[in-house]
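Asker: Next up is a structure, given as structure tokens.
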Amino acid sequence: MNIGIDAGGTLIKAAYRHEDSLELVTFPIAELVHVASWLNEMQNADICITGGKASLLQRHLKQEAREIVEFQASCRGAQYLLEQNHIAEESYILTNVGTGTSIHYVDRGVQRRVGGTGIGGGTMVGLSRLLTGLSEYGAIVEAAAGGLRDRIDLTVGHIYEGGEPPIPGHLTASNFGSVARSAAERRYREPELAASVIGMVGETVATVSVLAAQSCGVSTIVFIGSSFIGNDPLKRAVESYTELRGGKPVFLDKGEYSGALGALLSD
Ligand code: ATP
Ligand code: MG
């Protein structure tokens with residue numbers, strides 16, 4: 001059996017074929033040893049691994065697994081998913097919002113890493129935990145879905161206060177900027193805090209992606225990574241900021257498995 005594994009900073013993703021169907025599974029990185037035992041039990045497995053924790057996983061395997069470079073794997077897997085979804089794009093920016101965010105320019109199957117930012121899925125969870133005490137990904141996203149950002153984030157309109165702003169007034173002028181202008185004793189609720197954290201992550205990721213797209217002369221930006229799983233607040237922030245700045249966002253269904261699929265498809 002062929003199996004592709006993407007062992008990232010937070011989650012391990014696996015892709016393999018079983019009786020003609022494609023199986024996609026995720027494990028927390030804390031279960032790395034368990035994943036290794038699962039792989040060790042497989043008979044005649046052709047394992048290909050990628051991701052930042054690939055070498056660590058390799059050390060727990062009884063048989064030698066092939067390793068491929070993470071960026072190559074995610075681009076290959078994303079291209080496969082684009083084709084499966086009948087999305088015809090030759091040249092685009094691929095933004096992988098994982099624990100951190102990595103940005104690539106893909107041109108007819110060839111990828112080049114053009115940048116990244118430490119603002120990513122790890123920031124969403126880490127900063128939300130510091131601010132709200134919530135530590136579970138699902139709980140943070142659920143809280144954010146019911147939160148309004150207007151007491152925390154300062155918009156361009158807030159600064160111009162009735163004047164004519166040079167850019168749309170609803171744009172964020174300063175993430176968390178309203179907090180500095182409010183009374184010290186003001187208390188904030190979990191939903192608004194989580195919504196503002198996710199909004200900041202989404203706006204940052206979209207802004208750097210659009211700048212990368214402009215410098216590469218393309219407009220399509222394909223977003224992948226587990227940070228989008230069930231995460232409408234992040235999708236909405238990324239989508240609106242990308243469109244507003246002239247980019248065309250594409251959210252790939254199962255995009256979080258791009259690396260694992262790329263590993264599975266590599267020969
Ligand atoms: P990297 O590629 O940066 O090394 P990674 O491959 O582990 O990391 P992803 O799996 O793409 O990254 O995304 C990780 C992010 O996905 C987390 O930071 C979190 O925001 C989000 N996430 C989604 N589902 C979960 C979950 N069940 N548990 C923890 N985080 C989750
Ligand atoms: Mg990853």
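Naming scheme: A, B, ... for chains in displayed order of the structure tokens; residues 1 onward per chain; ligands 1 onward as shown.
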Show which residues sit within 7 Å of Ala144 of chain A, as a VMD selection string. Count only C-alpha atoms, and ignore same-chain residues fewer than 3 positions away.
Answerer: chain A and resid 140 to 141 147 191 to 192 194 to 195 233
Asker: Using only C-alpha atoms and all ligand atoms, which residues of chain A come within 8 Å of ligand 2, and what is the closest atom pair for each, with the distance in Å to one decimal? Give it as JSON lines, sorted by chain and residue number.
Answerer:
```
{"residue": "A:Asp6", "atom": "CA", "partner": "ligand 2", "partner_atom_place_in_ligand_line": "1 (Mg)", "distance": 6.8}
{"residue": "A:Ala7", "atom": "CA", "partner": "ligand 2", "partner_atom_place_in_ligand_line": "1 (Mg)", "distance": 7.1}
{"residue": "A:Gly8", "atom": "CA", "partner": "ligand 2", "partner_atom_place_in_ligand_line": "1 (Mg)", "distance": 4.5}
{"residue": "A:Gly9", "atom": "CA", "partner": "ligand 2", "partner_atom_place_in_ligand_line": "1 (Mg)", "distance": 6.7}
{"residue": "A:Thr10", "atom": "CA", "partner": "ligand 2", "partner_atom_place_in_ligand_line": "1 (Mg)", "distance": 7.9}
{"residue": "A:Leu11", "atom": "CA", "partner": "ligand 2", "partner_atom_place_in_ligand_line": "1 (Mg)", "distance": 7.6}
{"residue": "A:Gly51", "atom": "CA", "partner": "ligand 2", "partner_atom_place_in_ligand_line": "1 (Mg)", "distance": 6.0}
{"residue": "A:Gly52", "atom": "CA", "partner": "ligand 2", "partner_atom_place_in_ligand_line": "1 (Mg)", "distance": 7.6}
{"residue": "A:Glu70", "atom": "CA", "partner": "ligand 2", "partner_atom_place_in_ligand_line": "1 (Mg)", "distance": 7.7}
{"residue": "A:Asn96", "atom": "CA", "partner": "ligand 2", "partner_atom_place_in_ligand_line": "1 (Mg)", "distance": 7.3}
{"residue": "A:Val97", "atom": "CA", "partner": "ligand 2", "partner_atom_place_in_ligand_line": "1 (Mg)", "distance": 7.8}
{"residue": "A:Gly98", "atom": "CA", "partner": "ligand 2", "partner_atom_place_in_ligand_line": "1 (Mg)", "distance": 5.1}
{"residue": "A:Thr99", "atom": "CA", "partner": "ligand 2", "partner_atom_place_in_ligand_line": "1 (Mg)", "distance": 6.9}
{"residue": "A:Gly225", "atom": "CA", "partner": "ligand 2", "partner_atom_place_in_ligand_line": "1 (Mg)", "distance": 6.7}
{"residue": "A:Glu256", "atom": "CA", "partner": "ligand 2", "partner_atom_place_in_ligand_line": "1 (Mg)", "distance": 7.8}
{"residue": "A:Gly259", "atom": "CA", "partner": "ligand 2", "partner_atom_place_in_ligand_line": "1 (Mg)", "distance": 6.9}
```
Asker: Among segment 127-178 of chain A, which ones does DSSP assign to strand (DSSP E or B) (computed from the backbone)? Answer as a list in words.
Answerer: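 Listing strand (DSSP E or B) positions across segment 127-178 of chain A yields Leu154, Thr155, Thr172, Ala173 and Ser174 of chain A.
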Asker: Rounded to one decimal in Å, what is the spacing between atom CA of Arg236 of chain A and atom CA of Gly163 of chain A?
Answerer: 27.5 Å
Asker: Using only C-alpha atoms and all ligand atoms, pick whichever of A:Thr132, A:Asn44, A:Ser209, A:Ser74 has the shortest atom-to-atom distance to ligand 1.
Answerer: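 Among the listed residues, the smallest separation from ligand 1 belongs to A:Ser74.
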Asker: Of the candidates A:Asn231, A:Ser21, A:Asn40, A:Gln63, which one gets nearest to Ala145 of chain A if we count only C-alpha atoms?
Answerer: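 So, comparing all the options, the nearest one is A:Asn231.
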Asker: Considering only C-alpha atoms, give me a table of residues in segment 174-229 of chain A that are at most 12 Å from segment 100-114 of chain A, with the closest atom pair and distance in Å for each, as a tab-separated table.
Answerer:
```
residue	atom	partner	partner_atom	distance
A:Val201	CA	A:Thr101	CA	9.9
A:Gly202	CA	A:Thr101	CA	10.8
A:Thr204	CA	A:Thr101	CA	10.1
A:Val205	CA	A:Thr101	CA	7.4
A:Ala206	CA	A:Ile103	CA	10.6
A:Thr207	CA	A:Ile103	CA	11.6
A:Val208	CA	A:Ile103	CA	8.5
A:Ser209	CA	A:Ile103	CA	6.9
A:Val210	CA	A:Ile103	CA	10.3
A:Leu211	CA	A:Val114	CA	10.4
A:Ala212	CA	A:Val114	CA	7.0
A:Ala213	CA	A:Tyr105	CA	7.8
A:Gln214	CA	A:Tyr105	CA	10.9
A:Ser215	CA	A:Val114	CA	9.5
A:Cys216	CA	A:Tyr105	CA	7.2
A:Gly217	CA	A:Tyr105	CA	10.0
A:Val218	CA	A:Tyr105	CA	9.0
A:Ser219	CA	A:Tyr105	CA	11.1
A:Thr220	CA	A:Tyr105	CA	10.4
A:Ile221	CA	A:Tyr105	CA	9.3
A:Val222	CA	A:His104	CA	9.8
A:Phe223	CA	A:Ile103	CA	9.4
A:Ile224	CA	A:Thr101	CA	9.8
A:Gly225	CA	A:Thr101	CA	8.7
A:Ser226	CA	A:Gly100	CA	10.8
A:Ser227	CA	A:Gly100	CA	9.6
```
Asker: Which of these, A:Ile93, A:Leu261, A:Ala36, A:Ala180, has the shortest distance to Lys248 of chain A once you count only C-alpha atoms?
Answerer: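 Checking each candidate against Lys248 of chain A, we get A:Ile93 as the closest.
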Asker: How would you write, as a PyMOL selection string, the set of residues in segment 5-99 of chain A that DSSP gives as alpha helix (DSSP H)?
Answerer: chain A and resi 32-40+54-59+70-84
Asker: Measuring between only C-alpha atoms and all ligand atoms, which one of A:Trp38, A:Phe251, A:Phe27, A:Phe176 shows the shortest distance to ligand 1?
Answerer: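 Smallest distance to ligand 1 is found for A:Phe27.
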Asker: Using only C-alpha atoms and all ligand atoms, can you tell me which of A:His60, A:Arg76, A:Arg129, A:Arg189 comes closest to ligand 1?
Answerer: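 Of the candidates, the smallest distance to ligand 1 is held by A:Arg129.
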Asker: Go ahead and compute the interatomic distance for atom CA of Glu136 of chain A and atom CA of Gly122 of chain A, in Å to one decimal.
Answerer: 11.6 Å
Asker: Quick one: everything within 12 Å of Gln43 of chain A, counting only C-alpha atoms, minus sequence neighbours fewer than 2 positions away in the same chain. Send it as a ChimeraX atom specification.
Answerer: /A:1-3,38-41,45-47,62-63
